[in-house]
$ cat coords_14.cif   # mmCIF, C-alpha atoms
data_work
#
loop_
_atom_site.label_atom_id
_atom_site.label_comp_id
_atom_site.auth_asym_id
_atom_site.auth_seq_id
_atom_site.Cartn_x
_atom_site.Cartn_y
_atom_site.Cartn_z
CA MET A 189 96.74 37.69 61.44
CA LYS A 190 96.87 41.48 61.10
CA ASN A 191 94.06 41.87 63.66
CA LYS A 192 95.84 39.59 66.10
CA TYR A 193 98.99 41.74 65.84
CA LYS A 194 97.00 44.91 66.38
CA SER A 195 95.31 43.40 69.39
CA LYS A 196 98.69 42.38 70.85
CA VAL A 197 100.02 45.95 70.40
CA ARG A 198 96.90 47.37 72.04
CA MET A 199 97.27 45.04 75.01
CA ARG A 200 100.96 45.86 75.31
CA TRP A 201 100.07 49.57 75.56
CA HIS A 202 97.21 48.80 77.94
CA ARG A 203 99.73 47.07 80.24
CA ARG A 204 102.35 49.81 79.87
CA ILE A 205 99.92 52.64 80.55
CA GLY A 206 98.41 50.66 83.42
CA ILE A 207 101.78 50.24 85.10
CA MET A 208 102.77 53.86 84.45
CA THR A 209 99.56 55.30 85.90
CA SER A 210 99.18 52.86 88.80
CA LEU A 211 101.43 54.84 91.16
CA PHE A 212 99.58 58.08 90.35
CA VAL A 213 96.20 56.40 90.83
CA VAL A 214 97.31 55.33 94.29
CA ILE A 215 98.51 58.89 95.07
CA ILE A 216 95.31 60.48 93.73
CA SER A 217 93.15 57.97 95.63
CA ILE A 218 94.91 58.42 98.97
CA THR A 219 95.08 62.23 98.69
CA GLY A 220 91.44 62.30 97.49
CA ILE A 221 90.30 60.39 100.58
CA ALA A 222 92.37 62.69 102.81
CA LEU A 223 90.85 65.80 101.17
CA ASN A 224 87.33 64.45 101.52
CA HIS A 225 87.94 64.09 105.26
CA ALA A 226 90.07 67.20 105.71
CA VAL A 227 88.39 68.19 108.97
CA PHE A 228 88.70 64.70 110.47
CA PHE A 229 92.42 64.58 109.66
CA ASN A 230 92.81 68.25 110.76
CA LEU A 231 94.70 69.00 107.55
CA GLU A 232 94.35 72.76 107.97
CA GLY A 233 95.67 72.66 111.54
CA ASN A 234 98.84 70.75 110.67
CA LYS A 235 101.80 72.67 109.33
CA ILE A 236 104.64 71.23 107.29
CA ASN A 237 108.11 71.99 108.60
CA SER A 238 110.07 69.72 106.28
CA ARG A 239 112.75 71.84 104.63
CA TRP A 240 112.70 70.03 101.30
CA ILE A 241 108.96 70.53 100.96
CA LEU A 242 109.22 74.22 101.91
CA LYS A 243 112.07 74.53 99.39
CA LEU A 244 109.85 72.94 96.77
CA TYR A 245 107.34 75.76 97.31
CA ASN A 246 110.03 78.42 97.20
CA LEU A 247 107.96 80.46 99.66
CA THR A 248 108.18 84.12 98.93
CA PRO A 249 105.99 86.82 100.50
CA GLU A 250 103.75 88.93 98.27
CA THR A 251 104.72 92.16 100.07
CA THR A 252 107.99 93.43 101.48
CA LEU A 253 108.56 93.37 105.22
CA ILE A 254 107.75 96.66 106.93
CA SER A 255 108.69 97.48 110.50
CA TYR A 256 108.09 100.24 113.03
CA ASN A 257 110.55 100.88 115.85
CA LEU A 258 108.70 101.82 119.02
CA ASN A 259 111.93 101.47 120.98
CA PRO A 260 112.37 98.95 122.48
CA ASP A 261 109.52 97.03 120.79
CA TRP A 262 109.32 96.35 117.07
CA VAL A 263 106.04 95.98 115.16
CA SER A 264 106.37 94.35 111.74
CA GLN A 265 104.09 93.19 108.96
CA LEU A 266 104.68 90.69 106.20
CA ASP A 267 101.71 90.09 103.92
CA GLU A 268 98.75 89.97 106.35
CA SER A 269 100.75 88.72 109.34
CA ILE A 270 101.64 91.13 112.14
CA TYR A 271 104.61 90.45 114.42
CA ILE A 272 105.72 91.96 117.72
CA ASN A 273 109.48 91.62 118.17
CA GLY A 274 109.45 88.90 115.50
CA ASN A 275 106.68 86.86 117.16
CA LEU A 276 103.55 86.22 115.14
CA ILE A 277 100.39 87.84 116.54
CA GLY A 278 97.87 87.04 113.81
CA GLU A 279 96.53 88.06 110.44
CA PHE A 280 95.19 91.59 110.04
CA ASN A 281 94.77 94.22 107.38
CA LYS A 282 97.55 96.57 106.29
CA ILE A 283 99.11 98.60 109.10
CA ILE A 284 98.38 102.33 108.88
CA GLY A 285 100.26 103.39 112.02
CA VAL A 286 101.57 102.23 115.38
CA THR A 287 102.19 103.90 118.74
CA TYR A 288 102.53 103.19 122.43
CA ASN A 289 99.78 104.38 124.76
CA SER A 290 100.57 107.20 127.22
CA ASP A 291 102.47 105.03 129.73
CA SER A 292 103.96 102.63 127.14
CA THR A 293 102.15 99.62 128.61
CA LEU A 294 100.24 98.95 125.39
CA ILE A 295 101.12 98.85 121.72
CA ILE A 296 98.39 100.32 119.55
CA VAL A 297 98.22 99.26 115.91
CA ALA A 298 95.86 100.93 113.44
CA THR A 299 94.99 98.92 110.35
CA LYS A 300 92.71 99.74 107.46
CA ASN A 301 89.67 98.43 109.34
CA SER A 302 90.50 98.06 113.02
CA LEU A 303 92.44 99.29 116.01
CA ILE A 304 94.39 96.56 117.77
CA LEU A 305 95.49 96.93 121.39
CA LEU A 306 98.42 94.67 122.24
CA THR A 307 100.59 94.00 125.25
CA PRO A 308 104.34 94.13 124.55
CA SER A 309 104.42 90.36 125.14
CA GLY A 310 102.09 89.97 122.17
CA GLU A 311 98.70 89.29 123.77
CA ILE A 312 95.73 90.91 122.07
CA LEU A 313 93.92 93.06 124.59
CA GLU A 314 91.19 94.04 122.14
CA GLU A 315 90.54 94.45 118.45
CA ILE A 316 88.11 97.29 117.84
CA ASN A 317 86.16 96.88 114.62
CA LYS A 318 86.06 99.80 112.19
CA SER A 319 82.37 100.47 112.68
CA LEU A 320 83.05 101.11 116.39
CA LEU A 321 85.90 103.51 115.59
CA PRO A 322 85.65 107.23 114.77
CA PRO A 323 83.97 107.89 111.40
CA GLY A 324 85.97 108.06 108.18
CA GLU A 325 88.83 106.13 106.66
CA ILE A 326 91.81 105.75 109.04
CA THR A 327 94.83 107.65 107.72
CA SER A 328 97.19 107.87 110.69
CA LEU A 329 97.80 107.05 114.35
CA GLY A 330 100.08 108.82 116.78
CA LEU A 331 100.56 110.57 120.08
CA HIS A 332 99.89 114.18 121.04
CA ARG A 333 100.66 115.34 124.57
CA ASN A 334 100.61 111.71 125.74
CA LYS A 335 97.16 111.06 124.27
CA VAL A 336 96.57 108.49 121.54
CA ILE A 337 95.15 110.25 118.51
CA LEU A 338 93.53 108.59 115.53
CA LEU A 339 93.43 110.59 112.34
CA THR A 340 90.66 109.77 109.90
CA LYS A 341 89.49 111.59 106.80
CA ASN A 342 86.95 113.29 109.08
CA GLY A 343 89.58 114.73 111.43
CA PHE A 344 91.56 114.03 114.62
CA TYR A 345 90.04 111.89 117.39
CA GLU A 346 91.41 111.56 120.92
CA TYR A 347 90.97 108.34 122.89
CA ASP A 348 90.49 108.06 126.63
CA ASP A 349 93.07 106.04 128.58
CA ASN A 350 90.93 102.87 128.52
CA PHE A 351 90.23 103.07 124.76
CA ILE A 352 86.50 102.92 125.38
CA ALA A 353 85.45 106.40 124.29
CA PHE A 354 86.81 108.89 121.78
CA SER A 355 86.13 112.54 121.09
CA HIS A 356 86.88 114.96 118.28
CA THR A 357 89.90 117.18 118.88
CA ASP A 358 91.23 120.30 117.19
CA ILE A 359 94.94 119.48 117.23
CA LYS A 360 96.79 119.93 113.99
CA GLN A 361 99.83 117.67 114.28
CA LEU A 362 100.82 114.25 115.52
CA ASN A 363 103.97 112.50 116.68
CA LEU A 364 104.22 109.57 114.31
CA VAL A 365 106.34 106.44 114.47
CA LYS A 366 107.94 106.08 111.06
CA GLN A 367 108.90 102.88 109.30
CA ALA A 368 112.43 101.69 110.01
CA ARG A 369 114.85 99.10 108.70
CA THR A 370 114.13 95.73 110.34
CA PRO A 371 117.02 94.47 112.52
CA SER A 372 118.52 91.24 111.22
CA HIS A 373 117.61 89.13 114.29
CA ILE A 374 113.93 90.11 113.93
CA ASN A 375 114.13 89.58 110.19
CA LYS A 376 115.35 86.02 110.76
CA LEU A 377 112.59 85.28 113.28
CA ILE A 378 109.92 86.55 110.88
CA GLU A 379 111.40 84.64 107.95
CA LYS A 380 111.33 81.40 109.96
CA SER A 381 107.82 82.05 111.26
CA TYR A 382 106.57 82.94 107.76
CA GLN A 383 107.89 79.72 106.27
CA GLU A 384 106.44 77.63 109.10
CA GLN A 385 102.99 79.13 108.72
CA GLY A 386 103.15 79.02 104.95
CA ILE A 387 102.27 75.45 104.11
CA THR A 388 99.47 73.56 105.71
CA LEU A 389 99.09 69.83 105.22
CA HIS A 390 95.83 70.64 103.40
CA ARG A 391 97.62 72.77 100.81
CA PHE A 392 100.37 70.17 100.34
CA ILE A 393 97.93 67.28 99.84
CA LEU A 394 95.76 69.40 97.54
CA ASP A 395 98.80 70.26 95.42
CA LEU A 396 99.91 66.63 95.39
CA HIS A 397 96.39 65.67 94.31
CA SER A 398 96.29 68.21 91.48
CA GLY A 399 99.91 67.73 90.45
CA LYS A 400 100.78 71.37 91.15
CA ILE A 401 103.47 70.22 93.58
CA PHE A 402 105.56 69.26 90.54
CA GLY A 403 105.62 72.80 89.20
CA LYS A 404 104.36 73.99 85.82
CA MET A 405 104.63 70.49 84.33
CA GLY A 406 102.54 69.02 87.17
CA PRO A 407 99.10 69.83 85.76
CA VAL A 408 100.25 68.73 82.27
CA ALA A 409 101.45 65.40 83.69
CA SER A 410 98.19 65.16 85.59
CA ASP A 411 96.25 65.64 82.34
CA LEU A 412 98.34 62.97 80.60
CA ILE A 413 97.59 60.54 83.43
CA ALA A 414 93.89 61.37 83.14
CA LEU A 415 94.03 60.68 79.39
CA GLY A 416 95.93 57.46 80.11
CA LEU A 417 93.19 56.38 82.52
CA ILE A 418 90.51 57.12 79.92
CA TYR A 419 92.48 55.04 77.39
CA LEU A 420 92.64 52.19 79.96
CA VAL A 421 88.88 52.30 80.47
CA PHE A 422 88.08 52.04 76.74
CA SER A 423 90.84 49.57 75.81
CA GLY A 424 89.85 47.40 78.78
CA LEU A 425 86.19 47.48 77.75
CA ARG A 426 87.11 46.68 74.14
CA LYS A 427 89.23 43.70 75.24
CA TRP A 428 86.46 42.49 77.53
CA ILE A 429 83.84 42.63 74.73
CA ILE A 430 86.19 40.86 72.27
CA ASP A 431 86.95 38.14 74.85
CA ILE A 432 83.22 37.52 75.39
CA LYS A 433 82.65 37.27 71.62
CA MET A 434 85.63 34.91 71.21
CA SER A 435 84.50 32.64 74.04
CA LYS A 436 81.01 32.48 72.47
CA ILE A 437 82.53 31.49 69.09
CA HIS A 438 84.61 28.82 70.82
CA THR A 439 81.62 27.33 72.64
CA ASN A 440 79.56 27.37 69.39
CA LYS A 441 82.40 25.54 67.57
CA LYS A 442 82.60 22.90 70.36
CA ASP A 443 78.82 22.39 70.14
CA MET B 1189 88.53 55.92 87.64
CA ILE B 1190 86.08 58.41 86.19
CA LEU B 1191 84.84 59.19 89.71
CA LEU B 1192 88.40 59.81 90.80
CA LEU B 1193 88.95 62.16 87.90
CA GLY B 1194 85.71 63.92 88.76
CA SER B 1195 86.82 64.47 92.34
CA HIS B 1196 90.23 65.53 91.01
CA LEU B 1197 88.65 68.25 88.89
CA PHE B 1198 86.26 69.26 91.67
CA THR B 1199 88.99 69.76 94.28
CA GLY B 1200 90.87 71.88 91.76
CA VAL B 1201 87.86 74.19 91.47
CA THR B 1202 87.28 74.50 95.21
CA ALA B 1203 90.92 75.32 95.82
CA SER B 1204 90.67 78.43 93.68
CA ALA B 1205 87.59 79.76 95.51
CA LEU B 1206 89.18 82.04 98.09
CA PRO B 1207 87.13 83.31 101.02
CA LYS B 1208 86.33 87.02 101.14
CA GLU B 1209 84.81 89.30 103.75
CA THR B 1210 81.09 89.96 103.49
CA ILE B 1211 79.48 92.50 105.80
CA TYR B 1212 75.83 91.56 106.35
CA LEU B 1213 75.22 94.10 109.09
CA GLU B 1214 77.58 96.72 110.54
CA PRO B 1215 78.12 96.18 114.30
CA THR B 1216 76.86 99.73 114.99
CA ASP B 1217 73.65 98.99 113.07
CA PHE B 1218 73.21 95.78 115.06
CA LEU B 1219 73.51 97.76 118.32
CA SER B 1220 70.99 100.34 117.09
CA GLU B 1221 68.56 97.52 116.26
CA VAL B 1222 69.01 95.95 119.71
CA PHE B 1223 68.67 99.11 121.79
CA GLU B 1224 66.28 100.94 119.41
CA ILE B 1225 66.40 104.47 120.88
CA LYS B 1226 69.88 105.09 122.27
CA VAL B 1227 72.83 102.70 122.39
CA PRO B 1228 74.35 102.73 125.90
CA ALA B 1229 78.05 103.46 126.37
CA PRO B 1230 80.25 100.39 125.95
CA GLN B 1231 81.65 98.61 128.99
CA MET B 1232 84.50 96.14 129.35
CA LEU B 1233 84.55 92.64 130.71
CA TRP B 1234 88.04 91.37 131.46
CA LEU B 1235 88.59 87.69 130.89
CA THR B 1236 90.24 87.15 134.25
CA LYS B 1237 91.71 83.89 135.50
CA ASP B 1238 88.35 83.12 137.12
CA LEU B 1239 86.52 83.31 133.79
CA GLN B 1240 89.15 81.75 131.54
CA PRO B 1241 88.52 78.05 132.39
CA SER B 1242 84.81 78.31 131.50
CA VAL B 1243 85.57 80.32 128.35
CA GLN B 1244 88.07 77.65 127.33
CA GLN B 1245 85.54 74.90 128.10
CA ILE B 1246 82.98 76.59 125.83
CA LEU B 1247 85.28 77.44 122.93
CA GLY B 1248 87.81 74.64 123.26
CA HIS B 1249 90.53 77.30 123.37
CA PRO B 1250 91.07 80.72 125.02
CA TYR B 1251 89.22 83.71 123.54
CA LYS B 1252 91.45 85.70 121.21
CA THR B 1253 91.39 88.90 123.28
CA LEU B 1254 91.93 89.62 126.98
CA ARG B 1255 88.89 91.84 127.32
CA ILE B 1256 85.49 91.98 125.64
CA ARG B 1257 83.40 95.06 124.94
CA TYR B 1258 79.68 94.87 125.70
CA TRP B 1259 76.67 97.16 125.88
CA LYS B 1260 74.14 96.87 128.67
CA LYS B 1261 70.89 98.56 129.60
CA ALA B 1262 68.71 97.16 132.40
CA THR B 1263 68.32 93.42 131.75
CA LYS B 1264 69.44 93.60 128.16
CA SER B 1265 73.03 93.20 126.93
CA ALA B 1266 74.64 93.06 123.50
CA TRP B 1267 77.86 91.31 122.56
CA ILE B 1268 79.93 91.34 119.40
CA LEU B 1269 82.05 88.20 119.40
CA GLU B 1270 84.24 86.34 116.96
CA GLU B 1271 85.04 82.69 116.46
CA ILE B 1272 86.74 80.85 113.61
CA GLY B 1273 84.42 78.69 111.50
CA LYS B 1274 86.80 76.72 109.33
CA PHE B 1275 89.60 79.14 108.51
CA LYS B 1276 88.41 82.71 109.21
CA PRO B 1277 86.61 84.43 112.11
CA ILE B 1278 82.85 84.92 111.98
CA THR B 1279 81.77 88.22 113.58
CA THR B 1280 78.48 87.71 115.38
CA GLY B 1281 76.13 90.04 117.25
CA ILE B 1282 74.23 88.50 120.16
CA ALA B 1283 71.56 90.28 122.22
CA ILE B 1284 70.56 88.80 125.57
CA ASN B 1285 67.58 89.78 127.69
CA SER B 1286 67.04 88.38 131.19
CA ARG B 1287 69.68 85.66 130.59
CA LYS B 1288 67.92 84.46 127.42
CA ILE B 1289 69.02 85.03 123.83
CA GLU B 1290 66.87 87.66 122.16
CA THR B 1291 68.60 87.80 118.78
CA ILE B 1292 71.69 86.41 117.15
CA LYS B 1293 72.96 87.79 113.85
CA VAL B 1294 75.94 87.05 111.66
CA LEU B 1295 77.49 90.48 111.05
CA ILE B 1296 80.65 89.73 109.06
CA TYR B 1297 81.34 86.44 107.30
CA ARG B 1298 84.73 85.58 105.83
CA GLU B 1299 84.50 81.90 104.86
CA SER B 1300 83.79 80.63 101.36
CA HIS B 1301 81.23 78.08 102.59
CA GLY B 1302 78.61 77.96 105.31
CA TRP B 1303 77.14 81.45 104.86
CA GLU B 1304 73.67 79.87 105.25
CA ILE B 1305 74.05 80.31 109.02
CA LYS B 1306 73.05 83.96 108.54
CA LYS B 1307 69.55 82.91 107.46
CA SER B 1308 66.74 83.49 109.93
CA PHE B 1309 65.52 79.86 109.69
CA PHE B 1310 68.75 78.98 111.48
CA THR B 1311 69.31 81.96 113.82
CA ASP B 1312 65.66 81.96 114.99
CA GLN B 1313 66.34 78.63 116.72
CA PHE B 1314 68.44 80.50 119.30
CA LYS B 1315 65.57 82.73 120.47
CA GLU B 1316 64.76 82.32 124.18
CA VAL B 1317 67.60 79.82 124.59
CA GLU B 1318 69.29 79.78 128.00
CA LEU B 1319 72.57 78.44 129.36
CA GLN B 1320 72.46 75.45 131.68
CA GLU B 1321 74.79 74.94 134.63
CA ASN B 1322 76.94 72.59 132.57
CA LEU B 1323 77.54 75.51 130.13
CA LYS B 1324 75.40 73.89 127.40
CA LEU B 1325 72.33 75.36 125.73
CA ASN B 1326 68.97 74.23 127.11
CA GLN B 1327 67.57 73.60 123.63
CA ARG B 1328 68.74 71.57 120.66
CA ILE B 1329 69.95 73.59 117.66
CA ASP B 1330 69.56 71.82 114.31
CA GLY B 1331 72.58 72.08 112.04
CA ILE B 1332 72.87 72.86 108.35
CA SER B 1333 74.51 70.28 106.11
CA GLY B 1334 77.69 71.66 104.55
CA ALA B 1335 77.97 74.36 107.21
CA THR B 1336 78.80 72.24 110.26
CA LEU B 1337 81.84 74.23 111.36
CA SER B 1338 80.07 77.59 111.02
CA VAL B 1339 77.07 76.19 112.91
CA ASN B 1340 79.38 74.98 115.67
CA ALA B 1341 81.06 78.39 115.84
CA LEU B 1342 77.69 80.10 116.29
CA LYS B 1343 76.61 77.62 118.95
CA LYS B 1344 79.85 78.24 120.85
CA LEU B 1345 79.44 82.02 120.59
CA SER B 1346 75.86 81.86 121.85
CA ARG B 1347 77.03 79.86 124.89
CA LEU B 1348 79.91 82.29 125.42
CA ALA B 1349 77.63 85.35 125.26
CA LEU B 1350 75.19 83.78 127.75
CA TYR B 1351 78.05 82.89 130.06
CA LEU B 1352 79.61 86.36 129.87
CA ASP B 1353 76.20 87.99 130.39
CA SER B 1354 75.82 86.00 133.61
CA LYS B 1355 79.09 87.52 134.81
CA VAL B 1356 78.14 91.18 134.44
CA PRO B 1357 75.96 93.00 136.97
CA GLU B 1358 72.56 94.34 135.91
CA SER B 1359 72.49 98.09 135.27
CA ASN B 1360 69.74 100.70 135.38
#
$ encode --input "coords_14.cif" --output "structure tokens"
Amino acid sequence: MKNKYKSKVRMRWHRRIGIMTSLFVVIISITGIALNHAVFFNLEGNKINSRWILKLYNLTPETTLISYNLNPDWVSQLDESIYINGNLIGEFNKIIGVTYNSDSTLIIVATKNSLILLTPSGEILEEINKSLLPPGEITSLGLHRNKVILLTKNGFYEYDDNFIAFSHTDIKQLNLVKQARTPSHINKLIEKSYQEQGITLHRFILDLHSGKIFGKMGPVASDLIALGLIYLVFSGLRKWIIDIKMSKIHTNKKD
Amino acid sequence: MILLLGSHLFTGVTASALPKETIYLEPTDFLSEVFEIKVPAPQMLWLTKDLQPSVQQILGHPYKTLRIRYWKKATKSAWILEEIGKFKPITTGIAINSRKIETIKVLIYRESHGWEIKKSFFTDQFKEVELQENLKLNQRIDGISGATLSVNALKKLSRLALYLDSKVPESN
């Protein structure tokens, strides 16, 4: 009698846990399949624009927005993203300095490991890799008598007008573009662009799969579901074995 | 269920493995290897409207810059090109001699997976490969399992370099 009661309780919990975990099993299964075929579904290429999902992530940049006023163009950086007049150009290393070229037809951006030549409309003319730049760590970029000068720890280097060749120069000072307060209309554009590029479908599905989407309690809930599933496996097996034994007893009695 | 949990744990681990930049060979060192004695002065090839359609056909999208730097001496040219593998650009050095690939080397790799494409067993397949009129390579390149996107990126870059090389005049 006591065993029968225990068995009933076990089965009641088996049912309860089964119902409780079923929804999560479906979510984990669907997201798992999607993650296994991430390239096929182009998860990385799809961005999430839904406000409530972006709100859920509470997207906040790791660095503060910095901007340089070239007048009239603005060059800004938020985390690794570089913007011209609030329009995203791409991801690069930290900006060291910016300047126009001699006739203001190009925007030159020096980062820790490259020199980027941009048109004011935001097209990348060329990105020159560090190993093709003058020797030494880049420390500054500016103009001197209408020539673009790159300052590295090894000294000042002057570029030709086509940015193909450079030569060492003995100048001692540079006209630098200093950081400036970002105008509010550019700030808004960057904020919008940052949020839109922030969450890919891949990240969202991965977080849904791991439970991280539900905040700090997500992984804990995920663990509880995993434990629940383990319980279901063993209680189900136990019930199955008992049922087989019982049916054998019944058939023996009939015989 | 257990399999699902396993995949659940596995995806959690892969998510934390962030890609980082690995320099296998500095671009300047690659150029020194290609030209041995003296590296010629760089030249520029502008991706004009005439070239853009073929570049787009090869890559599936426009190249990220409007002009490309190259080094040329007689029949030999060297190109340093970039293409995204899965998430990050792969910097590749390609040397071409008489319209055939002489060497291809992965210079800077930024992805977390697929770095095997830098191995010579893979890059050696490109030796002596030419570009056909339909902008495809004239030889089959075997892939590497688990590095499909990086392999594709390298194949595209090799086609791009051969195409661009065909567009620059021979120098003395």
$ residues_around --input "coords_14.cif" --residues "stretch 396-399 of chain A" --least-positions-apart "2" --cutoff "8 Å" --atoms "only C-alpha atoms" --output "PyMOL selection string"
(chain A and resi 215-216+219-220+392-394+401-403+406-407+409-410) or (chain B and resi 1196+1199-1200)
$ resolve_selection --input "coords_14.cif" --expression "the PyMOL selection byres ((chain B) within 6 of (chain A))" --output "NGL selection string"
:B and (1253-1255)
$ resolve_selection --input "coords_14.cif" --expression "the PyMOL selection byres ((chain B and resi 1222-1228) around 12)" --output "number ranges by chain"
A: 320, 353; B: 1215-1221, 1229-1231, 1257-1268, 1281-1285, 1289-1293, 1359-1360
$ resolve_selection --input "coords_14.cif" --expression "the PyMOL selection byres ((chain B and resi 1343) around 10)" --output "list in words"
Ile1246, Leu1247, Thr1311, Phe1314, Lys1324, Leu1325, Ile1329, Gly1331, Leu1337, Ser1338, Val1339, Asn1340, Ala1341, Leu1342, Lys1344, Leu1345, Ser1346, Arg1347 and Leu1348 of chain B
$ closest_residue --input "coords_14.cif" --among "A:Ser355, A:Gln367, A:Ser309, A:Asn230" --to "A:Ile283" --atoms "all atoms listed in the file"
A:Gln367
$ atom_distance --input "coords_14.cif" --atom1 "atom CA of B:Tyr1251" --atom2 "atom CA of B:Glu1209"
21.0 Å
$ atom_distance --input "coords_14.cif" --atom1 "atom CA of A:Ile254" --atom2 "atom CA of A:Asn363"
19.0 Å
$ residues_near_point --input "coords_14.cif" --point "(98.8, 114.8, 123.8)" --cutoff "9 Å" --atoms "only C-alpha atoms" --output "list of chain:residue names"
A:Ser290, A:Leu331, A:His332, A:Arg333, A:Asn334, A:Lys335, A:Val336, A:Ile337, A:Glu346, A:Ile359, A:Leu362
$ residues_around --input "coords_14.cif" --residues "A:Tyr382" --least-positions-apart "6" --cutoff "9 Å" --atoms "all atoms listed in the file" --output "ChimeraX atom specification"
/A:247,249,266,269,276
$ atom_distance --input "coords_14.cif" --atom1 "atom CA of A:Ala368" --atom2 "atom CA of A:Trp262"
9.4 Å
$ residues_around --input "coords_14.cif" --residues "A:Tyr345" --least-positions-apart "6" --cutoff "8 Å" --atoms "only C-alpha atoms" --output "PyMOL selection string"
chain A and resi 322+337-339+354-357
